[in-house]
Structures are given as structure tokens and as C-alpha cells.
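Asker: Following this message is one structure expressed as C-alpha cells.
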Amino acid sequence: MSRALQKGLSLLRAPANELGFALRSSLKWGRGAPGPARDAAAPTFGWATAPLRARLERRAAELEAQFEVAAGLTGLGPAVRARNYARLLQLERLAGKLTVPRSADGVVRAADLCAGDFHYAPALAQWLSRAGADGARRVVLRGVELDGHGVYKDGHSRADHGCARAAAASAGEVEACYEVADATAVRLPEQDVVTLFFPFLTPYACLRWGAPLSRMRPQRLVERAVRALRPGGWLVVANQTTREFVELRRLLARLPVVRIARASMATDLVPEAAQTEGQIGSIWLRREGVPTIAQNR
């Protein structure tokens, strides 16, 4: 199917997406924290062939030792555990030897915008806490998601899962929370790190996911993300495609940031490895001498 036809068909979803979002936002369904996944005891890489599985298990063990993430993954299904290992590997590759910025009091304050169900919260929190450090840093992590009331097959909402993942990530030096809010409007204190994992920068991606097109404001989203950063802070972004990365560069062109890292986000730690091949990660440094949101208030 041609790209033009795909885009045309996706536009047919727009009215249903708008109605679905309005109903979800009105009902605000929730059942509280979900219990352990039914397949929590299954091997993380059971989908892989024996030689590949052995290599992936060794890599996961290395990541666990480096980031001490195992406790936050307890009770998760194998697919979600694998995605957490993959996120750790992707962030480690992207940042390299760069040092995660932190505030003068030594705390890393971070906001993850468009957080979905925050399934990667344990990995993100431990990366913020331990990447490039001899010991754990204190981390205050906040996940923000607009469409948090969608209901999953287990009867729990996206927010139920998001809050559970934030609770699982909150251990030791990490304090994490999750909230349903519009990332383009939420009030944030000054942040050291803002992350955007696969934000919707094009209508096609937004509609495919089931999100309302009327709430897609990419320019406002990236402006809000940048303005929430203190000078010297990081905007960390992962894009699905090269085209979306080009769009990100266009959106950031007039904002006070400079790119300090770029890397492929491809990984074979997940069963959908082929879908990660075109993904691109980037880190953008907030420049000095430009007022932040907090300073503009």
C-alpha cells in the first residue's frame, strides 16, 4: 500500500479517535493498581532462538548489574521486561560518556512527557540515577500522559498501569509519579532532563495510535519541553523514523538548544526488533542565557 493511501485511510479514523478520547476523558475509568502479569514467570527472551536468547540474557544480566533495575521489573510480563532492558541499552548508547545533568542540590529532576502507560519507568529512573555515576543519584521523575484513561484488555486503564510502574520505579534514591495531563499545558518546575519517547510529530502517527488529532500540537509540545529545562539541562528524544527526526530538527531550529548526541535506537532485545531499525535518538542541551519558564513567570 502506498504511503499516500495509508495517510488517506488514516484520516478516516479522525472522528472515531476524537469521540473515543472524549468518552475516555469523561468516564475516567480506573480499577487501581494491576496485579502481577499472568506471564510474569515466563522467560524474558523465550521468543528468541537458543543462540540469540543466550546472548540477550547475558546482555540483560550486564544491564541489571550496571543499573540495579531488577527490583522494578518484578511482576512484569516478559515483553515489558524486555522493553525496559532495551530502553536502558538505547539510553546508554545515546548518552555515551556524557554525564546526566543534575541540580545544585545533587537531585536529578526529570519529566517524561507523552508517557503512555510508563512501562519503561523502572529503566528510565535507574538510568537517570546511575548512568555514568559511581553511586546512585537522587531522582525525582514525573510521567505525564494526555490520554491516560484508555482501557486495556485486563480491565485496567493506562493510568492504572502508569501509576503502578511509577510505584515500582520508586525505590532507593528514586521518587516517581504519574499523572494524566496535557503535556503542552501542565505546569512544571525547572527540570534537569525532559524526555520525549516517540512523540507524535506527524498526523499519521497520531491517528494510527488512536489519539485525537485536535490535541496534536507538536510545536507547542517541544517548546514546552525546552522551556521547562534549566540552562544546561537535556531534552532527550526518540523518534520512530528519519522523517520524524527531520521534523523534530525543524521544530527545534529556533529554540535555545544545541544537539550534543545522536544515535540509532535499533535493538534486538525486543521481539519487534525490525520495527526499531529506523528509530533515532537525540540529546539537546538547553543553552545558557535564555529565560526558562520558571524565570518568565
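Going through the C-alpha cells in order, the chains are called A, B, and so on, while each chain numbers its residues from 1 and the ligands are numbered from 1 in the order shown.
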Apply DSSP to the structure's backbone, then extract all residues of region 44-291 of chain A labelled alpha helix (DSSP H) and return them as a VMD selection string.
Answerer: chain A and resid 50 to 67 78 to 95 121 to 130 158 to 169 203 to 209 218 to 227 242 to 252
Asker: Residues near Ser282 (chain A), anyone? I mean within 7 Å using only C-alpha atoms, not counting same-chain ones fewer than 4 positions away, as a ChimeraX atom specification.
Answerer: /A:94,236-238,261-263
Asker: Could you pull the residues within 9 Å of Leu124 (chain A), counting only C-alpha atoms, minus those fewer than 6 positions along the same chain, as a list in words?
Answerer: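 The residues that qualify are Asn84, Arg87, Leu88, Leu91, Leu141 and Ala169 of chain A.
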Asker: Let me make sure I understand: among A:Val257, A:Ala131, A:Val270, A:Ala104, which one has the smallest atom-to-atom distance to Gly46 (chain A) if we use only C-alpha atoms?
Answerer: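 The answer is A:Val270, which sits nearest to Gly46 (chain A).
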Asker: Would you please give, as a count of residues only, all residues of region 157-236 of chain A that DSSP assigns to strand (DSSP E or B) based on the backbone?
Answerer: 23
Asker: As an exercise, work out the distance from CA of Arg38 (chain A) to CA of Tyr178 (chain A) in Å and give it to one decimal place.
Answerer: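 We find that CA of Arg38 (chain A) and CA of Tyr178 (chain A) lie 23.5 Å from each other.
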Asker: Of the candidates A:Thr99, A:Thr202, A:Gln279, A:Thr195, which one gets nearest to Ser129 (chain A) if we count only C-alpha atoms?
Answerer: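 Of A:Thr99, A:Thr202, A:Gln279, A:Thr195, the one nearest Ser129 (chain A), counting only C-alpha atoms, is A:Thr99.
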Asker: Any idea what's packed within 9 Å of Cys177 (chain A), counting only C-alpha atoms, ignoring anything in its chain fewer than 2 positions away? Could you give it as a CSV table (one decimal) with C-alpha atoms, in the first residue's frame?
Answerer:
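Saved to result_5.csv:
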```
chain,number,residue,atom,x,y,z
A,140,VAL,CA,12.5,12.9,41.1
A,141,LEU,CA,10.7,11.6,38.0
A,142,ARG,CA,7.3,12.7,36.7
A,143,GLY,CA,5.4,10.9,33.9
A,144,VAL,CA,2.8,13.0,32.1
A,162,GLY,CA,1.3,4.1,34.7
A,163,CYS,CA,0.9,4.6,38.4
A,165,ARG,CA,5.1,1.4,37.0
A,166,ALA,CA,5.9,4.7,38.8
A,167,ALA,CA,5.4,3.0,42.2
A,169,ALA,CA,10.4,2.6,40.0
A,170,SER,CA,10.2,4.4,43.3
A,175,GLU,CA,10.8,9.1,43.7
A,179,GLU,CA,-0.4,11.9,36.1
```
Asker: Any idea what the distance is between CA of Pro199 (chain A) and CA of Gly20 (chain A)?
Answerer: 19.8 Å
Asker: Within 8 Å of Ser157 (chain A), counting only C-alpha atoms, which residues qualify if same-chain residues fewer than 3 places away don't, as a PyMOL selection string?
Answerer: chain A and resi 29-31+148-152+160-161
Asker: Filtering to N, CA, C and O atoms, could you give me those residues as a JSON list (two decimals), in the first residue's frame?
Answerer:
```json
[["chain", "number", "residue", "atom", "x", "y", "z"],
["A", 29, "TRP", "N", -12.10, 6.00, 33.66],
["A", 29, "TRP", "CA", -12.14, 4.65, 34.21],
["A", 29, "TRP", "C", -10.83, 4.29, 34.89],
["A", 29, "TRP", "O", -9.76, 4.64, 34.43],
["A", 30, "GLY", "N", -10.95, 3.59, 36.00],
["A", 30, "GLY", "CA", -9.78, 3.09, 36.69],
["A", 30, "GLY", "C", -10.15, 2.00, 37.67],
["A", 30, "GLY", "O", -11.24, 2.02, 38.25],
["A", 31, "ARG", "N", -9.27, 1.03, 37.85],
["A", 31, "ARG", "CA", -9.51, -0.08, 38.78],
["A", 31, "ARG", "C", -8.42, -0.20, 39.83],
["A", 31, "ARG", "O", -8.37, -1.17, 40.57],
["A", 148, "GLY", "N", -4.70, 9.14, 29.31],
["A", 148, "GLY", "CA", -4.40, 8.15, 30.34],
["A", 148, "GLY", "C", -5.56, 7.25, 30.72],
["A", 148, "GLY", "O", -5.38, 6.36, 31.56],
["A", 149, "HIS", "N", -6.74, 7.46, 30.14],
["A", 149, "HIS", "CA", -7.91, 6.71, 30.59],
["A", 149, "HIS", "C", -8.33, 5.60, 29.63],
["A", 149, "HIS", "O", -9.41, 5.03, 29.79],
["A", 150, "GLY", "N", -7.52, 5.30, 28.63],
["A", 150, "GLY", "CA", -7.80, 4.16, 27.78],
["A", 150, "GLY", "C", -7.78, 2.87, 28.58],
["A", 150, "GLY", "O", -6.99, 2.72, 29.52],
["A", 151, "VAL", "N", -8.65, 1.93, 28.24],
["A", 151, "VAL", "CA", -8.79, 0.69, 29.00],
["A", 151, "VAL", "C", -8.10, -0.46, 28.25],
["A", 151, "VAL", "O", -8.32, -0.66, 27.05],
["A", 152, "TYR", "N", -7.27, -1.21, 28.96],
["A", 152, "TYR", "CA", -6.55, -2.33, 28.40],
["A", 152, "TYR", "C", -7.37, -3.62, 28.52],
["A", 152, "TYR", "O", -8.41, -3.65, 29.17],
["A", 160, "ASP", "N", -3.83, 3.36, 35.39],
["A", 160, "ASP", "CA", -3.60, 2.33, 36.41],
["A", 160, "ASP", "C", -2.20, 1.72, 36.24],
["A", 160, "ASP", "O", -1.44, 1.57, 37.20],
["A", 161, "HIS", "N", -1.89, 1.38, 35.00],
["A", 161, "HIS", "CA", -0.57, 0.78, 34.73],
["A", 161, "HIS", "C", 0.54, 1.81, 34.93],
["A", 161, "HIS", "O", 1.61, 1.47, 35.47]]
```
